[in-house]
$ cat final.txt   # compact mmCIF, C-alpha atoms
# COMPACT_ATOMS: atom_id res chain seq x y z
CA MET A 1 0.00 0.00 0.00
CA MET A 2 -2.28 1.75 -5.12
CA GLU A 3 -6.96 2.69 -6.87
CA VAL A 4 -3.66 4.35 -7.15
CA MET A 5 -2.14 1.54 -8.10
CA ILE A 6 -3.40 -0.29 -5.51
CA CYS A 7 -5.74 1.39 -3.36
CA ASP A 8 -4.81 -0.15 -0.34
CA HIS A 9 -4.76 2.25 1.41
CA PHE A 10 -6.79 3.43 2.21
CA ARG A 11 -5.33 1.92 3.64
CA CYS A 12 -6.47 0.96 4.97
CA SER A 13 -3.65 -0.50 3.05
CA PRO A 14 -1.37 0.94 0.36
CA LEU A 15 -0.71 -0.67 -2.96
CA SER A 16 -3.60 -0.06 -5.09
CA VAL A 17 -3.40 0.39 -8.71
CA LEU A 18 -4.36 0.47 -12.15
CA SER A 19 -7.40 -1.37 -13.00
CA SER A 20 -8.63 1.05 -15.51
CA TYR A 21 -5.38 2.95 -15.81
CA HIS A 22 -3.85 0.24 -17.86
CA SER A 23 -6.48 0.59 -20.58
CA SER A 24 -7.13 4.30 -20.33
CA PHE A 25 -6.66 7.15 -17.89
CA SER A 26 -9.52 9.15 -16.47
CA PRO A 27 -9.21 11.85 -13.80
CA SER A 28 -12.00 10.15 -11.89
CA THR A 29 -10.13 6.88 -11.82
CA ARG A 30 -7.99 6.25 -8.88
CA TYR A 31 -5.05 4.03 -8.40
CA HIS A 32 -3.77 3.23 -5.09
CA LEU A 33 -0.64 1.43 -4.16
CA SER A 34 -0.81 -0.33 -0.94
CA LEU A 35 0.55 -3.37 0.75
CA PRO A 36 0.32 -6.04 3.27
CA SER A 37 0.54 -6.60 6.83
CA TYR A 38 2.76 -8.76 8.86
CA SER A 39 2.93 -12.44 8.32
CA PRO A 40 4.94 -14.83 10.50
CA SER A 41 6.05 -16.72 7.40
CA PHE A 42 7.87 -13.66 6.07
CA ARG A 43 9.16 -12.24 9.29
CA LEU A 44 12.76 -12.77 10.18
CA LYS A 45 13.20 -13.26 13.91
CA PRO A 46 16.74 -12.91 15.22
CA SER A 47 17.81 -16.18 16.77
CA SER A 48 21.02 -17.75 17.93
CA SER A 49 20.12 -20.80 15.84
CA LEU A 50 20.51 -18.84 12.62
CA SER A 51 23.89 -19.35 11.01
CA SER A 52 26.07 -16.38 10.17
CA SER A 53 25.93 -17.35 6.49
CA HIS A 54 22.12 -17.30 6.62
CA MET A 55 22.11 -13.89 8.26
CA GLU A 56 24.60 -12.57 5.72
CA GLY A 57 22.44 -13.91 2.91
CA THR A 58 19.38 -12.21 4.40
CA HIS A 59 21.13 -8.86 4.59
CA GLU A 60 22.48 -9.23 1.06
CA THR A 61 18.94 -9.89 -0.20
CA HIS A 62 17.66 -6.91 1.79
CA ASP A 63 20.38 -4.55 0.57
CA HIS A 64 20.02 -5.55 -3.07
CA GLY A 65 16.24 -5.22 -2.99
CA ARG A 66 16.40 -1.89 -1.18
CA SER A 67 18.85 -0.44 -3.72
CA LYS A 68 16.51 -1.46 -6.54
CA PHE A 69 13.54 0.11 -4.75
CA ILE A 70 15.28 3.32 -3.67
CA ASP A 71 16.50 3.98 -7.20
CA PHE A 72 13.05 5.15 -8.43
CA PRO A 73 14.34 4.96 -12.03
CA PHE A 74 11.34 6.32 -13.93
CA VAL A 75 10.30 9.44 -12.04
CA SER A 76 11.52 13.04 -12.12
CA SER A 77 14.35 14.28 -9.90
CA ALA A 78 11.99 16.20 -7.60
CA GLN A 79 9.74 13.18 -7.10
CA LYS A 80 12.70 10.86 -6.56
CA ASN A 81 14.28 13.22 -4.00
CA LEU A 82 11.01 13.39 -2.09
CA MET A 83 10.57 9.60 -2.05
CA VAL A 84 14.17 8.96 -0.98
CA ASP A 85 13.89 11.52 1.82
CA LEU A 86 10.61 10.05 3.11
CA VAL A 87 11.95 6.49 3.08
CA SER A 88 15.19 7.55 4.77
CA ARG A 89 13.43 9.54 7.48
CA LEU A 90 11.06 6.71 8.27
CA GLU A 91 13.77 4.03 8.30
CA ASN A 92 16.20 6.13 10.33
CA ARG A 93 13.58 6.91 12.98
CA LEU A 94 12.33 3.32 13.22
CA HIS A 95 15.72 1.74 12.56
CA SER A 96 15.93 -0.52 15.63
CA GLN A 97 12.30 -1.61 15.22
CA LEU A 98 12.52 -2.81 11.61
CA LEU A 99 13.74 -6.21 10.43
CA PRO A 100 15.45 -6.73 7.06
CA CYS A 101 13.30 -7.33 4.01
CA THR A 102 13.09 -11.07 3.32
CA LEU A 103 10.94 -11.05 0.17
CA PRO A 104 12.29 -13.27 -2.63
CA PRO A 105 14.30 -11.37 -5.27
CA ASP A 106 11.62 -12.04 -7.92
CA VAL A 107 9.05 -10.32 -5.69
CA GLN A 108 11.25 -7.40 -4.73
CA TYR A 109 11.57 -6.64 -8.45
CA TYR A 110 9.29 -8.02 -11.18
CA GLN A 111 8.05 -7.18 -14.65
CA SER A 112 5.65 -8.34 -17.34
CA GLN A 113 6.85 -10.68 -20.08
CA THR A 114 6.99 -7.78 -22.52
CA ALA A 115 8.69 -5.51 -19.95
CA THR A 116 6.01 -2.87 -20.54
CA ALA A 117 5.27 -2.97 -16.81
CA GLN A 118 7.94 -3.04 -14.10
CA ALA A 119 7.71 -2.78 -10.33
CA SER A 120 9.73 -2.88 -7.14
CA LEU A 121 8.38 -3.92 -3.75
CA HIS A 122 10.17 -3.53 -0.41
CA ILE A 123 8.52 -4.69 2.83
CA ARG A 124 10.08 -4.68 6.30
CA SER A 125 8.32 -6.26 9.26
CA GLY A 126 8.47 -4.71 12.70
CA SER A 127 10.35 -6.43 15.52
CA ASP A 128 8.44 -8.36 18.17
CA ASP A 129 8.43 -5.48 20.65
CA SER A 130 7.53 -2.81 18.08
CA PRO A 131 4.06 -1.33 17.45
CA VAL A 132 4.97 -1.37 13.74
CA ASP A 133 3.44 -4.29 11.86
CA PHE A 134 5.28 -3.59 8.63
CA VAL A 135 6.52 -0.82 6.35
CA LEU A 136 5.91 -1.04 2.65
CA GLY A 137 7.52 0.84 -0.20
CA SER A 138 6.83 0.37 -3.89
CA TRP A 139 7.14 1.84 -7.33
CA VAL A 140 5.26 0.79 -10.47
CA HIS A 141 6.02 1.83 -14.04
CA SER A 142 3.62 0.94 -16.83
CA GLU A 143 3.74 2.01 -20.46
CA LEU A 144 0.32 3.19 -21.63
CA PRO A 145 -1.23 1.95 -24.89
CA THR A 146 -1.90 5.56 -25.86
CA GLY A 147 1.75 6.52 -25.35
CA GLY A 148 3.55 7.85 -22.31
CA SER A 149 3.56 5.99 -19.03
CA LEU A 150 1.91 5.66 -15.65
CA ASP A 151 4.26 5.91 -12.67
CA ILE A 152 3.25 5.29 -9.08
CA THR A 153 5.49 5.66 -6.04
CA SER A 154 4.18 4.64 -2.64
CA LEU A 155 5.21 4.46 1.00
CA SER A 156 2.96 3.02 3.71
CA ALA A 157 3.35 2.00 7.32
CA TYR A 158 0.99 -0.23 9.26
CA LEU A 159 0.74 -0.57 13.01
CA ASN A 160 -0.31 -3.66 14.97
CA SER A 161 -2.94 -4.04 17.68
CA SER A 162 -0.58 -3.01 20.50
CA THR A 163 -1.60 0.54 19.53
CA ASP A 164 -4.77 2.09 18.17
CA ALA A 165 -2.96 4.92 16.36
CA PRO A 166 -3.57 5.55 12.63
CA ASN A 167 -1.45 4.12 9.83
CA PHE A 168 0.53 6.21 7.34
CA VAL A 169 -0.12 6.31 3.60
CA PHE A 170 1.67 8.25 0.87
CA GLU A 171 1.21 7.78 -2.85
CA MET A 172 2.00 9.75 -5.97
CA ILE A 173 0.37 8.75 -9.27
CA ARG A 174 1.69 10.42 -12.37
CA SER A 175 0.08 9.74 -15.76
CA SER A 176 1.98 12.45 -17.62
CA PRO A 177 4.75 14.96 -16.90
CA THR A 178 2.08 17.61 -16.20
CA MET A 179 -0.54 15.57 -14.26
CA LEU A 180 -0.16 14.10 -10.80
CA VAL A 181 -2.45 12.73 -8.09
CA LEU A 182 -1.27 12.86 -4.47
CA ILE A 183 -2.73 10.78 -1.65
CA LEU A 184 -1.38 11.55 1.81
CA ASP A 185 -3.24 10.37 4.88
CA LEU A 186 -3.19 8.94 8.38
CA PRO A 187 -6.14 6.53 7.95
CA PRO A 188 -7.92 5.96 11.28
CA ARG A 189 -8.13 2.45 12.67
CA LYS A 190 -11.15 3.17 14.86
CA ASP A 191 -14.50 4.86 14.32
CA LEU A 192 -13.87 8.52 15.15
CA VAL A 193 -17.51 9.00 16.11
CA LEU A 194 -17.30 6.30 18.77
CA TRP A 195 -13.79 7.39 19.86
CA PRO A 196 -13.85 11.22 19.69
CA ASP A 197 -10.64 11.42 21.77
CA ASP A 198 -8.79 9.90 18.80
CA LEU A 199 -10.16 12.61 16.53
CA LYS A 200 -8.79 15.23 18.90
CA THR A 201 -5.45 13.52 19.59
CA PHE A 202 -4.42 12.56 16.07
CA TYR A 203 -6.18 15.09 13.86
CA GLU A 204 -7.23 18.23 15.76
CA ASP A 205 -4.35 18.70 18.23
CA THR A 206 -1.78 17.97 15.50
CA GLN A 207 -3.44 20.50 13.16
CA LEU A 208 -3.23 18.02 10.31
CA ASP A 209 -5.89 19.81 8.29
CA THR A 210 -3.72 22.91 7.89
CA HIS A 211 -1.46 20.98 5.51
CA ARG A 212 -4.35 20.07 3.24
CA GLN A 213 -5.59 23.65 3.33
CA ALA A 214 -2.15 25.04 2.45
CA LEU A 215 -1.76 22.74 -0.53
CA GLU A 216 -5.20 23.52 -1.91
CA ARG A 217 -4.27 27.22 -2.08
CA VAL A 218 -1.82 26.42 -4.89
CA PRO A 219 -3.61 27.45 -8.15
CA GLU A 220 -2.86 24.21 -10.02
CA VAL A 221 -4.13 21.99 -7.18
CA GLN A 222 -7.68 20.63 -7.32
CA PRO A 223 -9.46 18.28 -4.90
CA TYR A 224 -9.36 14.67 -6.01
CA PHE A 225 -12.39 12.44 -5.40
CA SER A 226 -12.01 8.72 -5.66
CA SER A 227 -14.72 6.98 -7.65
CA SER A 228 -14.77 4.35 -4.89
CA LEU A 229 -17.12 5.19 -2.03
CA TYR A 230 -15.33 2.53 0.00
CA ILE A 231 -12.05 4.38 -0.30
CA ARG A 232 -13.68 7.60 0.81
CA THR A 233 -15.16 5.80 3.80
CA VAL A 234 -11.87 4.52 5.21
CA SER A 235 -9.84 7.70 4.73
CA SER A 236 -9.47 10.30 7.48
CA PRO A 237 -11.26 13.68 7.59
CA THR A 238 -7.90 15.40 7.01
CA ALA A 239 -6.80 13.25 4.06
CA VAL A 240 -4.87 15.05 1.32
CA MET A 241 -6.31 13.84 -1.98
CA VAL A 242 -5.49 16.25 -4.77
CA ARG A 243 -4.99 16.35 -8.51
CA ILE A 244 -2.32 18.69 -9.86
CA VAL A 245 -2.33 19.80 -13.49
CA THR A 246 0.37 22.11 -14.90
CA GLU A 247 -0.39 22.18 -18.61
CA ASN A 248 0.25 25.91 -18.79
CA GLY A 249 3.41 25.87 -16.68
CA GLY A 250 4.68 22.59 -18.09
CA VAL A 251 7.09 20.15 -16.49
CA GLU A 252 9.10 22.91 -14.81
CA ARG A 253 6.07 24.11 -12.88
CA MET A 254 5.23 20.54 -11.78
CA GLU A 255 8.77 20.10 -10.47
CA GLU A 256 8.48 23.40 -8.64
CA ILE A 257 5.22 22.36 -6.97
CA ILE A 258 6.67 19.02 -5.89
CA ARG A 259 9.80 20.68 -4.52
CA ASP A 260 8.25 23.72 -2.83
CA HIS A 261 4.88 22.37 -1.69
CA LEU A 262 4.51 18.58 -1.76
CA ASP A 263 7.97 17.98 -0.31
CA PRO A 264 7.67 20.04 2.91
CA ILE A 265 4.03 19.11 3.54
CA SER A 266 4.67 15.37 3.10
CA LYS A 267 7.64 15.46 5.45
CA GLN A 268 5.65 17.37 8.07
CA VAL A 269 2.81 14.84 7.96
CA LEU A 270 5.28 11.94 8.20
CA GLY A 271 6.87 13.66 11.20
CA ILE A 272 3.48 13.93 12.89
CA TRP A 273 2.85 10.24 12.31
CA LEU A 274 6.25 9.26 13.71
CA ASP A 275 5.90 11.47 16.80
CA HIS A 276 2.25 10.90 17.67
CA CYS A 277 1.51 7.43 16.26
CA ALA A 278 4.50 5.16 15.69
CA CYS A 279 6.59 6.35 18.63
CA ALA A 280 3.86 7.24 21.14
CA LYS A 281 2.88 4.79 23.85
CA ARG A 282 -0.82 3.86 23.80
CA ASP A 283 -2.75 1.74 26.28
CA VAL A 284 -4.97 -0.72 24.42
CA GLY A 285 -7.26 -3.17 26.24
CA GLU A 286 -8.11 -6.68 25.12
CA ALA A 287 -11.51 -5.68 23.74
CA GLU A 288 -9.94 -2.87 21.71
CA ARG A 289 -7.27 -5.22 20.38
CA ALA A 290 -9.93 -7.62 19.17
CA TYR A 291 -11.73 -4.73 17.47
CA LEU A 292 -8.52 -3.51 15.82
CA ASN A 293 -7.60 -6.98 14.57
CA LYS A 294 -11.05 -7.48 13.07
CA ARG A 295 -11.14 -4.06 11.40
CA ASP A 296 -7.56 -4.23 10.11
CA GLY A 297 -8.22 -7.70 8.70
CA LEU A 298 -11.40 -6.65 6.91
CA ILE A 299 -9.76 -3.63 5.30
CA ARG A 300 -6.69 -5.54 4.17
CA ASN A 301 -8.77 -8.35 2.68
CA LYS A 302 -10.90 -5.79 0.86
CA THR A 303 -7.78 -4.21 -0.59
CA ILE A 304 -6.71 -7.46 -2.19
CA GLU A 305 -10.25 -8.18 -3.35
CA ILE A 306 -11.04 -4.89 -5.06
CA ASP A 307 -7.59 -3.72 -6.13
CA LEU A 308 -4.66 -6.04 -6.35
CA GLY A 309 -6.54 -9.13 -7.47
CA SER A 310 -7.85 -7.41 -10.59
CA SER A 311 -5.07 -4.98 -11.50
CA PHE A 312 -1.96 -7.14 -11.06
CA PRO A 313 -2.88 -9.89 -13.57
CA ARG A 314 -3.71 -7.20 -16.10
CA LEU A 315 -0.39 -5.46 -15.67
CA PHE A 316 2.03 -8.33 -15.17
CA GLY A 317 0.30 -11.47 -16.40
CA PRO A 318 -1.15 -14.29 -14.27
CA GLU A 319 2.10 -16.07 -13.40
CA VAL A 320 3.94 -13.01 -12.10
CA ALA A 321 0.79 -11.61 -10.47
CA ASN A 322 0.11 -14.83 -8.56
CA ARG A 323 3.67 -14.97 -7.27
CA VAL A 324 3.61 -11.39 -6.01
CA LEU A 325 0.07 -11.58 -4.63
CA GLU A 326 0.86 -14.70 -2.62
CA ALA A 327 3.77 -12.90 -0.98
CA ILE A 328 1.64 -9.83 -0.29
CA LYS A 329 -1.21 -11.86 1.19
CA GLY A 330 1.15 -13.13 3.87
CA TYR A 331 1.73 -9.61 5.11
CA PHE A 332 -1.93 -8.69 4.94
CA THR A 333 -2.82 -11.45 7.38
CA VAL A 334 -3.67 -10.08 10.81
$ encode --input "final.txt" --output "structure tokens"
Amino acid sequence: MMEVMICDHFRCSPLSVLSSYHSSFSPSTRYHLSLPSYSPSFRLKPSSSLSSSHMEGTHETHDHGRSKFIDFPFVSSAQKNLMVDLVSRLENRLHSQLLPCTLPPDVQYYQSQTATAQASLHIRSGSDDSPVDFVLGSWVHSELPTGGSLDITSLSAYLNSSTDAPNFVFEMIRSSPTMLVLILDLPPRKDLVLWPDDLKTFYEDTQLDTHRQALERVPEVQPYFSSSLYIRTVSSPTAVMVRIVTENGGVERMEEIIRDHLDPISKQVLGIWLDHCACAKRDVGEAERAYLNKRDGLIRNKTIEIDLGSSFPRLFGPEVANRVLEAIKGYFTV
């Protein structure tokens, strides 16, 4: 976790993507890139029984996959700089809480038989004593039948039931050099009507809505409305969902907006999530944990059902899609 490429999010969950994008792009179509939650089968637990050669192999796999992911080869310099900074800030802050990525090499990077679609996936589980379930990063590049390409870059972080704090979702969907959709949100994991203290703690006291308001004052920025009512339901009241079009100002203006507006706002929102969600101690009772597990599980299953299951086979073919989806499903399991 893209409707961006994988709508996960909404994460809810983050990898949601291209169902209709692959055949044609429409401003009302949304792609969301979102990914899975922790699965014991993919989680590397430090143990004295693991040989040094096994550990070295794990770190080599992690480092190679991370370098492929962090390269962001198909996006502009401003977008790449923003993605690298967000990933670095998140990993540096949560460094001791994150385990190496253990996805197979052919899941960390994969492409269609014709190489018209390529993607990188990097997932790191949280350690046993961490509130972080997993962190997911991804990029997807797909050549469009009409010419040009669709490029999606995504970063999501999911928490486990030891905390009731929101998750983090960031996704940029670019269908041309002068058109971009941004999704930036801390999706709530509890009903904010039933738990009004969460609304105050995570959204009002942090003044999250000021960032959305600031971005919407930029002339080229328009509100973006997902065609999926489900996606709108699971997003927060302060979600940043905007469409940016710079046909008059061209590519240079788009780079300027990313650098001067999207960059600082995205980093500020990530900082709020790190300070008030990922690194803040929360007391969660057994009944609340059961509620969180049920809700998280429903949302993650829905993500696979409505996004990944339909878009991945279209983009990458059934064989590659099945391989990647099986790996992702493991993380989505609560």
$ residues_around --input "final.txt" --residues "segment 262-278 of chain A" --least-positions-apart "2" --cutoff "6 Å" --atoms "only C-alpha atoms" --output "MDAnalysis selection string"
chainID A and resid 82 165 258:259 280
$ atom_distance --input "final.txt" --atom1 "atom CA of Ile244 of chain A" --atom2 "atom CA of Val75 of chain A"
15.8 Å
$ atom_distance --input "final.txt" --atom1 "atom CA of Phe312 of chain A" --atom2 "atom CA of Pro105 of chain A"
17.8 Å
$ residues_around --input "final.txt" --residues "Leu159 of chain A" --least-positions-apart "6" --cutoff "12 Å" --atoms "only C-alpha atoms" --output "VMD selection string"
chain A and resid 11 to 13 36 to 38 97 125 to 127 129 to 136 165 to 169 186 to 189 273 to 274 277 to 280 282 289 292 to 293 296 332 334
$ atom_distance --input "final.txt" --atom1 "atom CA of Thr153 of chain A" --atom2 "atom CA of Arg295 of chain A"
26.0 Å
$ closest_residue --input "final.txt" --among "A:Leu315, A:Val221, A:Ile304, A:Ala78" --to "Val181 of chain A" --atoms "only C-alpha atoms"
A:Val221
$ residues_near_point --input "final.txt" --point "(-0.2, 19.0, -3.3)" --cutoff "10 Å" --atoms "only C-alpha atoms" --output "count of residues only"
31
$ residues_around --input "final.txt" --residues "Asp106 of chain A" --least-positions-apart "6" --cutoff "10 Å" --atoms "only C-alpha atoms" --output "MDAnalysis selection string"
chainID A and resid 65 120:121 320 323:324
$ closest_residue --input "final.txt" --among "A:Val193, A:Tyr158, A:Phe202, A:Ser112" --to "Arg300 of chain A" --atoms "only C-alpha atoms"
A:Tyr158
$ residues_around --input "final.txt" --residues "Pro313 of chain A" --least-positions-apart "6" --cutoff "10 Å" --atoms "only C-alpha atoms" --output "VMD selection string"
chain A and resid 19 112 319 to 322 325
$ closest_residue --input "final.txt" --among "A:Cys101, A:His95, A:Arg89, A:Val84" --to "His62 of chain A" --atoms "all atoms listed in the file"
A:Cys101
$ closest_residue --input "final.txt" --among "A:Val140, A:Val107, A:Ile152, A:Leu229" --to "Ile328 of chain A" --atoms "only C-alpha atoms"
A:Val107
